[in-house]
Amino acid sequence: MAPIPPSHAEPQDSPESYVGMEVSSARERAQEHGWPTVRALPHGAIITMEYLVGRLNFEVTDGTVTRCWKG
């Protein structure tokens with residue numbers, strides 16, 4: 001059986017604060033705030049819904065973050 005990956009604590013950060021930002025600026029800010037994984041997805045992308053502690057997701061339209069959530 002594969003080893004369980006280490007759990008990362010989530011930064012105390014508000015996902016809503018990223019909405020409206022340009023995606024590269026939002027990614028840089030998220031990394032500065034301690035998010036180990038940042039994922040940018042196009043609007044309407046089909047994704048799995050597993051929750052990954054320490055991951056911040058951006059939904060991006062025309063280079064701007066339109067939605068942001070943890071996991």
# chains A, B, ... in the order shown; residues from 1 in each chain; ligands from 1
call {"tool": "residues_around", "arguments": {"residues": "stretch 39-45 of chain A", "least_positions_apart": "3", "cutoff": "12 Å", "atoms": "only C-alpha atoms", "output": "PyMOL selection string"}}
result
chain A and resi 18+22-28+30-31+35-36+48-49+52+54-71
call {"tool": "select_by_dssp", "arguments": {"residues": "stretch 8-71 of chain A", "states": "strand (DSSP E or B)", "output": "PyMOL selection string"}}
result
chain A and resi 22+37-42+55-61+64-70
call {"tool": "write_last_selection", "arguments": {"atoms": "N, CA, C and O atoms", "output": "short mmCIF file (atom, residue, chain, number, x, y, z; two decimals), in the first residue's frame"}}
result
data_model
loop_
_atom_site.label_atom_id
_atom_site.label_comp_id
_atom_site.auth_asym_id
_atom_site.auth_seq_id
_atom_site.Cartn_x
_atom_site.Cartn_y
_atom_site.Cartn_z
N GLU A 22 -5.87 39.35 -11.18
CA GLU A 22 -5.24 38.73 -12.35
C GLU A 22 -4.60 37.44 -11.85
O GLU A 22 -4.04 37.40 -10.75
N THR A 37 -0.14 24.27 -2.65
CA THR A 37 -0.63 23.91 -3.98
C THR A 37 -1.66 24.94 -4.43
O THR A 37 -2.62 25.22 -3.70
N VAL A 38 -1.44 25.49 -5.61
CA VAL A 38 -2.37 26.45 -6.20
C VAL A 38 -2.73 25.92 -7.59
O VAL A 38 -1.86 25.60 -8.38
N ARG A 39 -4.04 25.82 -7.85
CA ARG A 39 -4.50 25.25 -9.12
C ARG A 39 -5.41 26.26 -9.81
O ARG A 39 -6.40 26.72 -9.23
N ALA A 40 -5.07 26.62 -11.05
CA ALA A 40 -5.89 27.53 -11.85
C ALA A 40 -6.62 26.70 -12.91
O ALA A 40 -6.01 25.93 -13.64
N LEU A 41 -7.93 26.87 -12.96
CA LEU A 41 -8.77 26.08 -13.86
C LEU A 41 -9.60 27.00 -14.74
O LEU A 41 -10.10 28.02 -14.27
N PRO A 42 -9.79 26.62 -16.00
CA PRO A 42 -10.66 27.43 -16.85
C PRO A 42 -12.11 27.27 -16.40
O PRO A 42 -12.50 26.25 -15.82
N ARG A 55 -4.61 23.00 -0.65
CA ARG A 55 -4.75 23.38 -2.06
C ARG A 55 -5.75 24.52 -2.19
O ARG A 55 -6.81 24.51 -1.59
N LEU A 56 -5.40 25.51 -3.00
CA LEU A 56 -6.28 26.61 -3.31
C LEU A 56 -6.59 26.54 -4.80
O LEU A 56 -5.69 26.42 -5.63
N ASN A 57 -7.87 26.59 -5.13
CA ASN A 57 -8.32 26.48 -6.51
C ASN A 57 -8.82 27.83 -7.02
O ASN A 57 -9.57 28.51 -6.32
N PHE A 58 -8.42 28.18 -8.23
CA PHE A 58 -8.91 29.37 -8.90
C PHE A 58 -9.68 28.95 -10.13
O PHE A 58 -9.19 28.14 -10.92
N GLU A 59 -10.88 29.50 -10.32
CA GLU A 59 -11.56 29.39 -11.61
C GLU A 59 -11.24 30.69 -12.33
O GLU A 59 -11.41 31.78 -11.78
N VAL A 60 -10.73 30.57 -13.56
CA VAL A 60 -10.21 31.72 -14.29
C VAL A 60 -10.96 31.93 -15.59
O VAL A 60 -11.17 30.99 -16.36
N THR A 61 -11.36 33.17 -15.84
CA THR A 61 -11.98 33.58 -17.09
C THR A 61 -11.23 34.80 -17.61
O THR A 61 -11.09 35.79 -16.88
N THR A 64 -8.59 36.37 -15.33
CA THR A 64 -9.01 36.92 -14.04
C THR A 64 -9.67 35.83 -13.19
O THR A 64 -10.48 35.04 -13.70
N VAL A 65 -9.36 35.80 -11.91
CA VAL A 65 -9.96 34.84 -10.99
C VAL A 65 -11.44 35.24 -10.79
O VAL A 65 -11.73 36.35 -10.36
N THR A 66 -12.34 34.31 -11.13
CA THR A 66 -13.77 34.59 -10.98
C THR A 66 -14.38 33.82 -9.83
O THR A 66 -15.50 34.11 -9.40
N ARG A 67 -13.65 32.81 -9.32
CA ARG A 67 -14.11 32.01 -8.19
C ARG A 67 -12.88 31.41 -7.53
O ARG A 67 -11.91 31.09 -8.21
N CYS A 68 -12.92 31.24 -6.21
CA CYS A 68 -11.80 30.66 -5.50
C CYS A 68 -12.31 29.84 -4.33
O CYS A 68 -13.24 30.27 -3.63
N TRP A 69 -11.72 28.65 -4.13
CA TRP A 69 -12.14 27.80 -3.02
C TRP A 69 -10.98 26.91 -2.56
O TRP A 69 -10.04 26.68 -3.31
N LYS A 70 -11.08 26.46 -1.32
CA LYS A 70 -10.09 25.57 -0.74
C LYS A 70 -10.34 24.14 -1.16
O LYS A 70 -11.47 23.75 -1.41
#
call {"tool": "atom_distance", "arguments": {"atom1": "atom CA of A:Tyr51", "atom2": "atom CA of A:Gln12"}}
result
17.0 Å
call {"tool": "select_by_dssp", "arguments": {"residues": "chain A", "states": "helix (DSSP H, G or I)", "output": "JSON list (two decimals) with N, CA, C and O atoms, in the first residue's frame"}}
result
[["chain", "number", "residue", "atom", "x", "y", "z"],
["A", 15, "PRO", "N", -10.41, 32.85, 0.72],
["A", 15, "PRO", "CA", -10.46, 32.62, -0.73],
["A", 15, "PRO", "C", -11.18, 33.73, -1.49],
["A", 15, "PRO", "O", -10.81, 34.04, -2.62],
["A", 16, "GLU", "N", -12.18, 34.33, -0.88],
["A", 16, "GLU", "CA", -12.94, 35.38, -1.56],
["A", 16, "GLU", "C", -12.06, 36.58, -1.92],
["A", 16, "GLU", "O", -12.37, 37.31, -2.86],
["A", 17, "SER", "N", -10.97, 36.77, -1.19],
["A", 17, "SER", "CA", -10.11, 37.94, -1.45],
["A", 17, "SER", "C", -9.35, 37.83, -2.77],
["A", 17, "SER", "O", -8.81, 38.83, -3.25],
["A", 18, "TYR", "N", -9.33, 36.66, -3.38],
["A", 18, "TYR", "CA", -8.62, 36.46, -4.66],
["A", 18, "TYR", "C", -9.50, 36.77, -5.87],
["A", 18, "TYR", "O", -8.98, 36.98, -6.97],
["A", 23, "VAL", "N", -4.69, 36.37, -12.64],
["A", 23, "VAL", "CA", -4.32, 35.04, -12.16],
["A", 23, "VAL", "C", -2.86, 34.93, -11.70],
["A", 23, "VAL", "O", -2.58, 34.30, -10.68],
["A", 24, "SER", "N", -1.92, 35.55, -12.39],
["A", 24, "SER", "CA", -0.52, 35.42, -11.96],
["A", 24, "SER", "C", -0.29, 36.15, -10.64],
["A", 24, "SER", "O", 0.46, 35.66, -9.78],
["A", 25, "SER", "N", -0.93, 37.30, -10.44],
["A", 25, "SER", "CA", -0.83, 38.01, -9.15],
["A", 25, "SER", "C", -1.48, 37.21, -8.03],
["A", 25, "SER", "O", -0.95, 37.15, -6.92],
["A", 26, "ALA", "N", -2.61, 36.59, -8.33],
["A", 26, "ALA", "CA", -3.30, 35.77, -7.33],
["A", 26, "ALA", "C", -2.46, 34.56, -6.95],
["A", 26, "ALA", "O", -2.35, 34.23, -5.76],
["A", 27, "ARG", "N", -1.84, 33.92, -7.93],
["A", 27, "ARG", "CA", -0.99, 32.75, -7.65],
["A", 27, "ARG", "C", 0.20, 33.16, -6.78],
["A", 27, "ARG", "O", 0.54, 32.48, -5.81],
["A", 28, "GLU", "N", 0.83, 34.29, -7.11],
["A", 28, "GLU", "CA", 1.97, 34.78, -6.34],
["A", 28, "GLU", "C", 1.56, 35.09, -4.89],
["A", 28, "GLU", "O", 2.25, 34.70, -3.95],
["A", 29, "ARG", "N", 0.42, 35.76, -4.73],
["A", 29, "ARG", "CA", -0.07, 36.08, -3.38],
["A", 29, "ARG", "C", -0.36, 34.81, -2.59],
["A", 29, "ARG", "O", -0.03, 34.72, -1.40],
["A", 30, "ALA", "N", -0.99, 33.83, -3.23],
["A", 30, "ALA", "CA", -1.32, 32.57, -2.54],
["A", 30, "ALA", "C", -0.05, 31.87, -2.06],
["A", 30, "ALA", "O", -0.01, 31.36, -0.94],
["A", 31, "GLN", "N", 0.97, 31.86, -2.89],
["A", 31, "GLN", "CA", 2.23, 31.22, -2.49],
["A", 31, "GLN", "C", 2.88, 31.99, -1.35],
["A", 31, "GLN", "O", 3.42, 31.39, -0.43],
["A", 32, "GLU", "N", 2.81, 33.33, -1.39],
["A", 32, "GLU", "CA", 3.35, 34.14, -0.30],
["A", 32, "GLU", "C", 2.61, 33.89, 1.01],
["A", 32, "GLU", "O", 3.20, 33.96, 2.09]]
call {"tool": "decode", "arguments": {"residues": "stretch 20-40 of chain A", "atoms": "N, CA and C atoms", "output": "short mmCIF file (atom, residue, chain, number, x, y, z; two decimals), in the first residue's frame"}}
result
data_model
loop_
_atom_site.label_atom_id
_atom_site.label_comp_id
_atom_site.auth_asym_id
_atom_site.auth_seq_id
_atom_site.Cartn_x
_atom_site.Cartn_y
_atom_site.Cartn_z
N GLY A 20 -11.37 38.51 -8.65
CA GLY A 20 -11.14 39.78 -9.32
C GLY A 20 -9.68 40.06 -9.61
N MET A 21 -8.78 39.26 -9.04
CA MET A 21 -7.35 39.46 -9.27
C MET A 21 -6.92 38.82 -10.59
N GLU A 22 -5.87 39.35 -11.18
CA GLU A 22 -5.24 38.73 -12.35
C GLU A 22 -4.60 37.44 -11.85
N VAL A 23 -4.69 36.37 -12.64
CA VAL A 23 -4.32 35.04 -12.16
C VAL A 23 -2.86 34.93 -11.70
N SER A 24 -1.92 35.55 -12.39
CA SER A 24 -0.52 35.42 -11.96
C SER A 24 -0.29 36.15 -10.64
N SER A 25 -0.93 37.30 -10.44
CA SER A 25 -0.83 38.01 -9.15
C SER A 25 -1.48 37.21 -8.03
N ALA A 26 -2.61 36.59 -8.33
CA ALA A 26 -3.30 35.77 -7.33
C ALA A 26 -2.46 34.56 -6.95
N ARG A 27 -1.84 33.92 -7.93
CA ARG A 27 -0.99 32.75 -7.65
C ARG A 27 0.20 33.16 -6.78
N GLU A 28 0.83 34.29 -7.11
CA GLU A 28 1.97 34.78 -6.34
C GLU A 28 1.56 35.09 -4.89
N ARG A 29 0.42 35.76 -4.73
CA ARG A 29 -0.07 36.08 -3.38
C ARG A 29 -0.36 34.81 -2.59
N ALA A 30 -0.99 33.83 -3.23
CA ALA A 30 -1.32 32.57 -2.54
C ALA A 30 -0.05 31.87 -2.06
N GLN A 31 0.97 31.86 -2.89
CA GLN A 31 2.23 31.22 -2.49
C GLN A 31 2.88 31.99 -1.35
N GLU A 32 2.81 33.33 -1.39
CA GLU A 32 3.35 34.14 -0.30
C GLU A 32 2.61 33.89 1.01
N HIS A 33 1.31 33.59 0.91
CA HIS A 33 0.50 33.32 2.10
C HIS A 33 0.64 31.89 2.60
N GLY A 34 1.42 31.06 1.89
CA GLY A 34 1.72 29.73 2.38
C GLY A 34 0.94 28.58 1.79
N TRP A 35 0.19 28.80 0.70
CA TRP A 35 -0.53 27.69 0.07
C TRP A 35 0.47 26.82 -0.66
N PRO A 36 0.61 25.54 -0.28
CA PRO A 36 1.58 24.67 -0.95
C PRO A 36 1.16 24.28 -2.37
N THR A 37 -0.14 24.27 -2.65
CA THR A 37 -0.63 23.91 -3.98
C THR A 37 -1.66 24.94 -4.43
N VAL A 38 -1.44 25.49 -5.61
CA VAL A 38 -2.37 26.45 -6.20
C VAL A 38 -2.73 25.92 -7.59
N ARG A 39 -4.04 25.82 -7.85
CA ARG A 39 -4.50 25.25 -9.12
C ARG A 39 -5.41 26.26 -9.81
N ALA A 40 -5.07 26.62 -11.05
CA ALA A 40 -5.89 27.53 -11.85
C ALA A 40 -6.62 26.70 -12.91
#
